[in-house]
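Pasted below: protein16.cif, mmCIF, C-alpha atoms.
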data_upload
loop_
_atom_site.label_atom_id
_atom_site.label_comp_id
_atom_site.auth_asym_id
_atom_site.auth_seq_id
_atom_site.Cartn_x
_atom_site.Cartn_y
_atom_site.Cartn_z
CA MET A 1 0.00 0.00 0.00
CA ARG A 2 2.79 2.38 0.92
CA THR A 3 4.67 1.41 -2.19
CA SER A 4 1.60 2.16 -4.35
CA LEU A 5 1.05 5.54 -2.65
CA LEU A 6 4.69 6.49 -3.02
CA LEU A 7 4.59 5.51 -6.70
CA LEU A 8 1.47 7.65 -7.22
CA ILE A 9 3.16 10.70 -5.62
CA VAL A 10 6.24 10.23 -7.75
CA LEU A 11 4.12 9.94 -10.90
CA SER A 12 2.16 13.09 -9.95
CA PHE A 13 5.32 15.13 -9.48
CA ALA A 14 6.65 13.79 -12.74
CA SER A 15 3.42 14.72 -14.50
CA PHE A 16 3.50 18.22 -12.95
CA ALA A 17 7.13 18.69 -13.99
CA SER A 18 6.29 17.55 -17.49
CA ALA A 19 3.37 19.97 -17.63
CA GLN A 20 5.64 22.80 -16.49
CA ASP A 21 7.89 22.09 -19.44
CA ASP A 22 4.95 22.06 -21.89
CA PRO A 23 4.98 25.28 -24.06
CA ALA A 24 1.18 25.67 -23.90
CA THR A 25 1.23 25.48 -20.11
CA GLN A 26 4.05 27.98 -19.91
CA ALA A 27 2.20 30.38 -22.20
CA MET A 28 -0.92 30.08 -20.03
CA GLN A 29 1.07 30.77 -16.88
CA GLN A 30 2.69 33.80 -18.48
CA THR A 31 -0.73 35.12 -19.52
CA ILE A 32 -2.08 34.67 -15.98
CA GLN A 33 0.94 36.48 -14.53
CA ALA A 34 0.63 39.31 -17.07
CA ASN A 35 -3.06 39.71 -16.27
CA GLN A 36 -2.26 39.78 -12.56
CA ARG A 37 0.39 42.47 -13.09
CA ALA A 38 -1.99 44.51 -15.23
CA MET A 39 -4.68 44.24 -12.56
CA ASN A 40 -2.25 45.34 -9.87
CA ASP A 41 -1.09 48.29 -12.03
CA ALA A 42 -4.70 49.31 -12.68
CA MET A 43 -5.49 49.15 -8.96
CA ARG A 44 -2.47 51.32 -8.14
CA ALA A 45 -3.35 53.82 -10.88
CA ASN A 46 -6.93 54.00 -9.68
CA GLN A 47 -5.78 54.54 -6.11
CA GLU A 48 -3.38 57.30 -7.19
CA ALA A 49 -6.16 58.96 -9.23
CA ASN A 50 -8.50 58.88 -6.24
CA GLU A 51 -5.82 60.36 -4.00
CA GLN A 52 -5.11 63.10 -6.56
CA ALA A 53 -8.81 63.89 -6.82
CA MET A 54 -9.05 64.14 -3.05
CA ARG A 55 -6.04 66.49 -2.98
CA GLU A 56 -7.63 68.71 -5.64
CA MET A 57 -10.95 68.76 -3.80
CA GLN A 58 -9.18 69.70 -0.58
CA ALA A 59 -7.24 72.44 -2.36
CA SER A 60 -10.48 73.80 -3.82
CA ALA A 61 -12.10 73.74 -0.41
CA ASP A 62 -9.13 75.54 1.13
CA THR A 63 -9.23 78.17 -1.61
CA ALA A 64 -12.96 78.71 -1.18
CA GLN A 65 -12.51 79.00 2.59
CA ASN A 66 -9.64 81.48 2.33
CA ASN A 67 -11.10 83.66 -0.41
CA GLY A 68 -13.35 86.30 1.05
CA PRO A 69 -15.95 88.44 -0.71
CA ALA A 70 -14.95 91.17 -3.15
CA VAL A 71 -14.40 94.38 -1.21
CA ALA A 72 -13.05 96.84 -3.81
CA LEU A 73 -13.12 97.84 -7.46
CA THR A 74 -10.05 96.95 -9.50
CA ALA A 75 -8.40 100.07 -10.89
CA THR A 76 -9.07 100.90 -14.52
CA PRO A 77 -6.10 99.78 -16.65
CA LYS A 78 -3.81 102.34 -18.24
CA ILE A 79 -3.05 102.19 -21.98
CA SER A 80 0.37 103.51 -22.98
CA ILE A 81 -0.70 105.10 -26.28
CA LYS A 82 -3.68 107.41 -26.57
CA SER A 83 -6.37 107.26 -29.21
CA GLY A 84 -5.43 108.86 -32.49
CA LYS A 85 -4.15 108.54 -36.04
CA TYR A 86 -0.71 106.99 -36.50
CA PRO A 87 1.48 106.52 -39.61
CA GLY A 88 2.40 102.91 -38.90
CA PRO A 89 2.26 100.01 -36.41
CA ILE A 90 2.27 100.93 -32.72
CA THR A 91 3.36 98.93 -29.69
CA ILE A 92 1.00 98.98 -26.73
CA LYS A 93 1.83 98.53 -23.07
CA LEU A 94 -0.82 98.04 -20.39
CA SER A 95 -0.57 98.59 -16.65
CA ASP A 96 -2.78 98.48 -13.59
CA LYS A 97 -2.03 99.73 -10.09
CA THR A 98 -4.19 97.20 -8.21
CA ARG A 99 -2.05 94.52 -6.58
CA GLY A 100 -2.41 91.14 -8.27
CA ALA A 101 -4.53 92.50 -11.15
CA ILE A 102 -4.74 90.43 -14.34
CA MET A 103 -5.57 92.32 -17.54
CA TYR A 104 -7.51 91.06 -20.56
CA TYR A 105 -7.96 92.83 -23.89
CA ARG A 106 -9.58 92.77 -27.31
CA THR A 107 -8.79 94.81 -30.42
CA ASP A 108 -12.04 94.31 -32.33
CA GLY A 109 -14.11 96.85 -30.39
CA TRP A 110 -16.00 94.34 -28.26
CA THR A 111 -15.75 94.31 -24.49
CA PRO A 112 -13.22 91.75 -23.20
CA THR A 113 -13.95 89.06 -20.62
CA THR A 114 -11.72 86.71 -18.64
CA ARG A 115 -11.79 84.44 -21.72
CA SER A 116 -10.20 87.13 -23.88
CA LYS A 117 -6.47 87.50 -24.48
CA ARG A 118 -4.55 87.92 -21.25
CA TYR A 119 -1.97 90.68 -21.25
CA LEU A 120 1.48 89.11 -20.92
CA GLY A 121 3.58 91.92 -22.35
CA PRO A 122 3.71 94.61 -25.05
CA PHE A 123 1.86 93.84 -28.28
CA THR A 124 1.70 95.48 -31.69
CA ILE A 125 -1.32 96.91 -33.48
CA SER A 126 -0.70 97.22 -37.22
CA GLN A 127 -4.14 98.20 -38.53
CA SER A 128 -7.02 100.39 -37.42
CA ALA A 129 -8.55 98.98 -34.25
CA THR A 130 -10.49 99.78 -31.11
CA LEU A 131 -8.66 98.45 -28.08
CA GLN A 132 -10.62 97.62 -24.94
CA VAL A 133 -9.02 96.44 -21.69
CA ILE A 134 -10.31 95.20 -18.33
CA ALA A 135 -8.53 94.12 -15.16
CA ILE A 136 -9.55 91.96 -12.22
CA ALA A 137 -7.70 91.48 -8.94
CA PRO A 138 -8.16 89.13 -5.96
CA TYR A 139 -10.98 90.14 -3.60
CA SER A 140 -12.00 92.86 -6.06
CA TYR A 141 -14.69 93.55 -8.61
CA ARG A 142 -13.80 93.81 -12.28
CA SER A 143 -12.48 97.19 -13.38
CA LEU A 144 -14.16 99.68 -15.64
CA VAL A 145 -13.27 99.34 -19.33
CA ALA A 146 -10.32 101.29 -20.70
CA THR A 147 -10.69 102.13 -24.40
CA ALA A 148 -8.50 103.56 -27.14
CA ALA A 149 -9.26 103.86 -30.86
CA TYR A 150 -6.43 103.86 -33.39
CA THR A 151 -6.49 104.80 -37.06
CA LEU A 152 -3.63 103.37 -39.14
CA PRO A 153 -3.00 103.14 -42.90
CA ALA A 154 -4.95 100.36 -44.57
CA THR A 155 -3.03 97.19 -45.40
CA PRO A 156 -3.66 95.16 -48.57
CA ALA A 157 -6.17 92.37 -47.95
CA ALA A 158 -5.57 88.84 -49.18
CA SER A 159 -9.01 88.85 -50.80
CA ALA A 160 -11.61 91.57 -50.74
CA ASN A 161 -14.69 89.48 -51.36
CA THR A 162 -13.93 85.90 -50.40
CA GLN A 163 -13.15 84.13 -47.14
CA SER A 164 -12.02 80.61 -47.94
CA SER A 165 -10.64 77.72 -45.95
CA SER A 166 -9.34 74.21 -46.48
CA ALA A 167 -10.21 71.00 -44.65
CA HIS A 168 -6.98 71.35 -42.69
CA ASP A 169 -8.20 74.43 -40.84
CA ASN A 170 -9.95 73.90 -37.54
CA VAL A 171 -12.35 76.79 -37.99
CA ILE A 172 -13.47 79.15 -40.72
CA PRO A 173 -13.90 82.82 -39.73
CA VAL A 174 -17.24 84.15 -40.94
CA HIS A 175 -17.38 87.94 -41.25
CA PHE A 176 -20.61 89.88 -40.73
CA VAL A 177 -21.73 93.47 -40.26
CA PHE A 178 -24.75 94.61 -38.26
CA ALA A 179 -27.66 95.54 -40.52
CA GLN A 180 -29.35 97.84 -37.99
CA ASP A 181 -28.57 99.55 -34.73
CA VAL A 182 -29.31 98.15 -31.30
CA THR A 183 -29.05 99.90 -27.93
CA SER A 184 -29.14 98.74 -24.35
CA ALA A 185 -31.81 101.38 -23.67
CA LYS A 186 -34.38 99.55 -25.81
CA ALA A 187 -33.14 95.98 -26.36
CA GLN A 188 -34.69 93.03 -24.55
CA ILE A 189 -33.49 89.50 -23.94
CA GLY A 190 -34.52 87.32 -26.88
CA ASP A 191 -34.45 90.11 -29.47
CA LYS A 192 -32.93 89.13 -32.80
CA VAL A 193 -30.74 91.67 -34.55
CA PRO A 194 -30.13 91.23 -38.31
CA LEU A 195 -26.64 90.80 -39.75
CA THR A 196 -25.33 90.80 -43.30
CA LEU A 197 -22.56 88.50 -44.52
CA ALA A 198 -19.61 90.74 -45.41
CA ILE A 199 -17.49 88.20 -47.35
CA ASP A 200 -18.31 85.04 -49.31
CA ILE A 201 -17.83 81.81 -47.37
CA VAL A 202 -15.89 79.33 -49.52
CA PHE A 203 -14.86 75.86 -48.38
CA ASN A 204 -12.71 73.56 -50.55
CA GLY A 205 -13.70 75.52 -53.65
CA THR A 206 -17.43 75.46 -52.88
CA THR A 207 -19.29 78.66 -52.07
CA LEU A 208 -21.39 78.01 -48.98
CA ALA A 209 -22.88 81.50 -48.77
CA ARG A 210 -22.44 84.70 -50.69
CA LYS A 211 -21.75 88.21 -49.56
CA GLY A 212 -24.97 89.95 -48.55
CA ALA A 213 -26.65 86.82 -47.16
CA ALA A 214 -28.81 87.42 -44.09
CA ALA A 215 -28.06 86.18 -40.60
CA SER A 216 -28.84 87.28 -37.05
CA VAL A 217 -27.70 87.36 -33.45
CA SER A 218 -29.85 86.91 -30.35
CA ILE A 219 -29.64 89.22 -27.37
CA VAL A 220 -28.98 87.02 -24.32
CA GLN A 221 -28.51 89.68 -21.65
CA VAL A 222 -29.25 93.40 -21.31
CA ASP A 223 -28.32 95.78 -18.52
CA LYS A 224 -29.63 99.34 -18.56
CA ASN A 225 -27.39 102.20 -17.51
CA GLY A 226 -27.81 103.04 -13.86
CA PRO A 227 -27.07 105.46 -11.04
CA GLY A 228 -23.52 106.17 -10.01
CA GLY A 229 -22.39 106.21 -13.64
CA ALA A 230 -23.10 102.52 -14.34
CA PRO A 231 -23.01 101.88 -18.12
CA GLY A 232 -25.48 99.96 -20.24
CA GLU A 233 -24.48 96.51 -21.47
CA LEU A 234 -25.43 94.27 -24.39
CA HIS A 235 -24.56 90.57 -24.65
CA PHE A 236 -25.38 88.51 -27.76
CA ARG A 237 -24.59 85.27 -29.57
CA ILE A 238 -24.78 84.22 -33.21
CA ASP A 239 -27.80 82.27 -34.48
CA PRO A 240 -27.64 79.34 -36.94
CA MET A 241 -27.52 80.69 -40.50
CA GLN A 242 -29.89 79.44 -43.16
CA THR A 243 -28.17 78.85 -46.50
CA ALA A 244 -29.48 77.53 -49.80
CA THR A 245 -28.44 73.99 -48.91
CA ALA A 246 -28.56 73.67 -45.13
CA LEU A 247 -28.84 75.31 -41.74
CA MET A 248 -25.28 76.29 -40.88
CA LYS A 249 -24.40 76.16 -37.18
CA LEU A 250 -22.05 78.98 -36.24
CA HIS A 251 -20.17 79.78 -33.04
CA GLY A 252 -19.57 83.21 -31.63
CA ALA A 253 -20.66 85.69 -28.97
CA ALA A 254 -19.65 89.14 -27.81
CA SER A 255 -20.49 91.89 -25.35
CA LEU A 256 -20.50 95.65 -25.56
CA GLU A 257 -20.40 97.95 -22.58
CA GLY A 258 -21.21 101.62 -22.73
CA GLN A 259 -18.95 104.25 -21.21
CA ALA A 260 -19.00 104.31 -17.44
CA GLU A 261 -19.14 107.75 -15.86
CA PRO A 262 -18.44 107.33 -12.16
CA PRO A 263 -18.77 110.47 -10.06
CA ASN A 264 -15.61 112.33 -9.11
CA ALA A 265 -14.81 114.72 -6.32
CA GLN A 266 -15.28 117.90 -8.33
CA ALA A 267 -18.60 116.82 -9.84
CA LEU A 268 -19.96 115.81 -6.44
CA ILE A 269 -19.69 119.29 -4.98
CA PRO A 270 -22.01 120.51 -3.58
CA VAL A 271 -24.87 118.02 -4.08
CA VAL A 272 -23.34 114.57 -3.65
CA GLY A 273 -26.55 112.63 -3.06
CA MET A 274 -28.61 114.06 -5.91
CA PHE A 275 -25.76 113.75 -8.39
CA PHE A 276 -25.14 110.12 -7.50
CA VAL A 277 -28.81 109.20 -7.94
CA PHE A 278 -29.35 110.93 -11.26
CA HIS A 279 -25.95 110.57 -12.90
CA HIS A 280 -25.97 107.52 -15.21
CA GLY A 281 -23.40 106.00 -17.54
CA LYS A 282 -23.77 105.81 -21.32
CA ASP A 283 -25.90 103.26 -23.18
CA ALA A 284 -24.22 100.47 -25.12
CA ILE A 285 -24.94 101.16 -28.80
CA ILE A 286 -24.09 98.94 -31.77
CA LYS A 287 -24.31 100.92 -35.00
CA PRO A 288 -25.16 99.59 -38.49
CA GLY A 289 -22.02 98.42 -40.27
CA THR A 290 -20.28 97.34 -37.06
CA PRO A 291 -18.20 94.21 -37.90
CA PHE A 292 -18.58 90.95 -36.03
CA THR A 293 -16.76 87.67 -36.65
CA ALA A 294 -18.29 84.26 -35.96
CA TYR A 295 -16.75 80.85 -36.63
CA LEU A 296 -17.72 77.75 -38.55
CA ASP A 297 -16.37 74.35 -37.51
CA ALA A 298 -14.61 72.96 -40.59
CA SER A 299 -14.67 69.41 -39.22
CA SER A 300 -18.47 69.40 -39.35
CA LEU A 301 -18.30 70.30 -43.04
CA VAL A 302 -15.79 67.52 -43.70
CA ALA A 303 -18.02 65.03 -41.86
CA SER A 304 -21.09 66.11 -43.83
CA ASN A 305 -19.20 65.87 -47.13
CA ASN A 306 -18.09 62.36 -46.26
#
Rewrite the structure of this file - the entire thing - as structure tokens.
Amino acid sequence: MRTSLLLLIVLSFASFASAQDDPATQAMQQTIQANQRAMNDAMRANQEANEQAMREMQASADTAQNNGPAVALTATPKISIKSGKYPGPITIKLSDKTRGAIMYYRTDGWTPTTRSKRYLGPFTISQSATLQVIAIAPYSYRSLVATAAYTLPATPAASANTQSSSAHDNVIPVHFVFAQDVTSAKAQIGDKVPLTLAIDIVFNGTTLARKGAAASVSIVQVDKNGPGGAPGELHFRIDPMQTATALMKLHGAASLEGQAEPPNAQALIPVVGMFFVFHHGKDAIIKPGTPFTAYLDASSLVASNN
């Protein structure tokens, strides 16, 4: 009996050793080990991701706890070059005296936001433009808008009547002008303001829409001018544009703020209270012919052509 049992054990070990040497068995073992390593790596990565998320949440909570309410108005930015007519390109420098202020600007006449270009150093303006600048500092409200208008010699355009693009471009600029005026004094949320296409839209040799085609923007927010010199504001976004072949979805939005007229020491004498109540800022007014640029996603055109 013992001899039989011993023989069985020996045969089992021999069979196991033989199986270990079998290529198929080895491949299976390697696969199991690889899967186990992959599972362990995934578990570690998931744990690290969770820990990172917790750190970010804690940092956000600490920031929210430490940041108090806004208690002051950020100073209005200073523009180094005044409005005027200049014979050639000019280099602009911006500054703000509020500690920690970040400045944002646009050169197309529309009011900048914190999504506009951030000022990181001097920049050059080489064609006629209306520069608008804002600043915002920690624990402070956004500044009033600083504005300067520059007239420079016209530069030759690549094409006067056609705006084209290839499939390699991410977006196609679509140039419009306002067909009628709109003012913050009368506009209401939901109003549609007509636009006119200023330049043909051409994509891969195909004209999608011709100059003069109609489009519109929708007013999404209106603020009337108010006491203390508060200006009027208009906020709008582009509507889908109907063409001969399809409804073209465009992207684009902008804001325009009228001129603020805050009271000053000289104006407040001698009737501070009455002046503050009745002194309002200027309305935001968009005049006919004002240019506005929206954007068309070229990838959507490529997808539709395919």
Excluding Leu256 of chain A and its own-chain neighbours fewer than 4 positions away, which residues fall within 7 Å of it when counting all atoms listed in the file? Please give them as a PDB file with C-alpha atoms, in the frame of the given file.
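Result file around.pdb:
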ATOM      1  CA  TRP A 110     -16.000  94.340 -28.260  1.00  0.00           C
ATOM      2  CA  THR A 111     -15.750  94.310 -24.490  1.00  0.00           C
ATOM      3  CA  GLU A 233     -24.480  96.510 -21.470  1.00  0.00           C
ATOM      4  CA  LEU A 234     -25.430  94.270 -24.390  1.00  0.00           C
ATOM      5  CA  HIS A 235     -24.560  90.570 -24.650  1.00  0.00           C
ATOM      6  CA  ALA A 284     -24.220 100.470 -25.120  1.00  0.00           C
TER       7      ALA A 284
END
Counting only C-alpha atoms, which residues have an atom no more than 10 Å from (-20.8, 96.9, -35.1) in the file's coordinates? Please list them as number ranges by chain. A: 108-110, 176-182, 195, 256, 285-292
Save out the residues we just selected, C-alpha atoms, as a PDB file, in the coordinates of the input.
ATOM      1  CA  ASP A 108     -12.040  94.310 -32.330  1.00  0.00           C
ATOM      2  CA  GLY A 109     -14.110  96.850 -30.390  1.00  0.00           C
ATOM      3  CA  TRP A 110     -16.000  94.340 -28.260  1.00  0.00           C
ATOM      4  CA  PHE A 176     -20.610  89.880 -40.730  1.00  0.00           C
ATOM      5  CA  VAL A 177     -21.730  93.470 -40.260  1.00  0.00           C
ATOM      6  CA  PHE A 178     -24.750  94.610 -38.260  1.00  0.00           C
ATOM      7  CA  ALA A 179     -27.660  95.540 -40.520  1.00  0.00           C
ATOM      8  CA  GLN A 180     -29.350  97.840 -37.990  1.00  0.00           C
ATOM      9  CA  ASP A 181     -28.570  99.550 -34.730  1.00  0.00           C
ATOM     10  CA  VAL A 182     -29.310  98.150 -31.300  1.00  0.00           C
ATOM     11  CA  LEU A 195     -26.640  90.800 -39.750  1.00  0.00           C
ATOM     12  CA  LEU A 256     -20.500  95.650 -25.560  1.00  0.00           C
ATOM     13  CA  ILE A 285     -24.940 101.160 -28.800  1.00  0.00           C
ATOM     14  CA  ILE A 286     -24.090  98.940 -31.770  1.00  0.00           C
ATOM     15  CA  LYS A 287     -24.310 100.920 -35.000  1.00  0.00           C
ATOM     16  CA  PRO A 288     -25.160  99.590 -38.490  1.00  0.00           C
ATOM     17  CA  GLY A 289     -22.020  98.420 -40.270  1.00  0.00           C
ATOM     18  CA  THR A 290     -20.280  97.340 -37.060  1.00  0.00           C
ATOM     19  CA  PRO A 291     -18.200  94.210 -37.900  1.00  0.00           C
ATOM     20  CA  PHE A 292     -18.580  90.950 -36.030  1.00  0.00           C
TER      21      PHE A 292
END
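When the PyMOL selection byres ((chain A and resi 106) around 6) is evaluated on the file shown here, the picked residues come out as Tyr105, Thr107, Asp108, Pro112, Leu131 and Gln132 of chain A.
The nearest approach to Asp191 of chain A among the residues A:Ser299, A:Ser218, A:Ser143, A:Thr155, with all atoms listed in the file taken into account, belongs to A:Ser218.
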Using the chain letters and residue numbers of this document, give as a CSV table (one decimal) with C-alpha atoms, in the coordinates of the input the residues selected by the PyMOL selection byres ((chain A and resi 251) around 6).
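The resulting file, part_30.csv, is reproduced below:
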chain,number,residue,atom,x,y,z
A,250,LEU,CA,-22.0,79.0,-36.2
A,252,GLY,CA,-19.6,83.2,-31.6
A,294,ALA,CA,-18.3,84.3,-36.0
A,295,TYR,CA,-16.8,80.8,-36.6
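Residues in contact with Ser95 of chain A at up to 10 Å, not including ones fewer than 2 positions away on its chain and judged by all atoms listed in the file, are A:Ala75, A:Thr76, A:Pro77, A:Lys78, A:Ile79, A:Ser80, A:Lys93, A:Lys97, A:Thr98, A:Ala101, A:Ile102, A:Met103, A:Tyr119, A:Gly121, A:Ala135.
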Keeping only C-alpha atoms, write the selected residues to a file as an mmCIF file, in the frame of the given file.
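Contents of out31.cif, freshly written:
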data_model
loop_
_atom_site.group_PDB
_atom_site.id
_atom_site.type_symbol
_atom_site.label_atom_id
_atom_site.label_comp_id
_atom_site.auth_asym_id
_atom_site.auth_seq_id
_atom_site.Cartn_x
_atom_site.Cartn_y
_atom_site.Cartn_z
ATOM 1 C CA ALA A 75 -8.400 100.070 -10.890
ATOM 2 C CA THR A 76 -9.070 100.900 -14.520
ATOM 3 C CA PRO A 77 -6.100 99.780 -16.650
ATOM 4 C CA LYS A 78 -3.810 102.340 -18.240
ATOM 5 C CA ILE A 79 -3.050 102.190 -21.980
ATOM 6 C CA SER A 80 0.370 103.510 -22.980
ATOM 7 C CA LYS A 93 1.830 98.530 -23.070
ATOM 8 C CA LYS A 97 -2.030 99.730 -10.090
ATOM 9 C CA THR A 98 -4.190 97.200 -8.210
ATOM 10 C CA ALA A 101 -4.530 92.500 -11.150
ATOM 11 C CA ILE A 102 -4.740 90.430 -14.340
ATOM 12 C CA MET A 103 -5.570 92.320 -17.540
ATOM 13 C CA TYR A 119 -1.970 90.680 -21.250
ATOM 14 C CA GLY A 121 3.580 91.920 -22.350
ATOM 15 C CA ALA A 135 -8.530 94.120 -15.160
#
Straight-line distance linking atom CA of Tyr104 of chain A with atom CA of Lys117 of chain A, stated in Å to one decimal: 5.4 Å
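Nearest to Arg210 of chain A of all the residues A:Asn225, A:Gln188, A:Thr183, A:Thr243 is A:Thr243, based on all atoms listed in the file.
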Selection in question (the file shown): the PyMOL selection byres ((chain A and resi 148) around 7). Which residues does it include, as a VMD selection string? chain A and resid 82 to 83 130 to 132 147 149 to 150
My list of candidates is A:Ser255, A:Thr151, A:Thr206, A:Ser140. Which is closest to Arg99 of chain A when distances are computed with only C-alpha atoms? A:Ser140
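Proximity of A:Val145, A:Ile134, A:Lys282, A:Ile199 to Gly232 of chain A, computed with only C-alpha atoms, is greatest for A:Lys282.
Nearest to Arg115 of chain A of all the residues A:Met248, A:Met241, A:Ala209, A:Ala253 is A:Ala253, counting all atoms listed in the file.
Between atom CA of Lys249 of chain A and atom CA of Thr293 of chain A the interatomic distance comes to 13.8 Å.
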Kindly compute an axis-aligned box around the listed atoms of segment 118-133 of chain A, allowing 3 Å on each side, and express its centre and edge lengths in Å to one decimal as JSON.
{"center_x": -3.5, "center_y": 94.2, "center_z": -29.7, "size_x": 20.3, "size_y": 18.5, "size_z": 23.6}
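Going from atom CA of Lys186 of chain A over to atom CA of Gly281 of chain A, you cover 15.2 Å.
Comparing the minimum interatomic distances between Arg142 of chain A and each of A:Asp223, A:Val174, A:Ala254, A:Leu73, counting all atoms listed in the file, we find that A:Leu73 sits nearest.
With all atoms listed in the file taken into account, every residue lying no more than 8 Å from the file point (-11.0, 95.1, -1.5) is included here: A:Ala70, A:Val71, A:Ala72, A:Leu73, A:Pro138, A:Tyr139, A:Ser140.
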Emit the selected residues as a PDB file, in the coordinates of the input, including C-alpha atoms.
ATOM      1  CA  ALA A  70     -14.950  91.170  -3.150  1.00  0.00           C
ATOM      2  CA  VAL A  71     -14.400  94.380  -1.210  1.00  0.00           C
ATOM      3  CA  ALA A  72     -13.050  96.840  -3.810  1.00  0.00           C
ATOM      4  CA  LEU A  73     -13.120  97.840  -7.460  1.00  0.00           C
ATOM      5  CA  PRO A 138      -8.160  89.130  -5.960  1.00  0.00           C
ATOM      6  CA  TYR A 139     -10.980  90.140  -3.600  1.00  0.00           C
ATOM      7  CA  SER A 140     -12.000  92.860  -6.060  1.00  0.00           C
TER       8      SER A 140
END
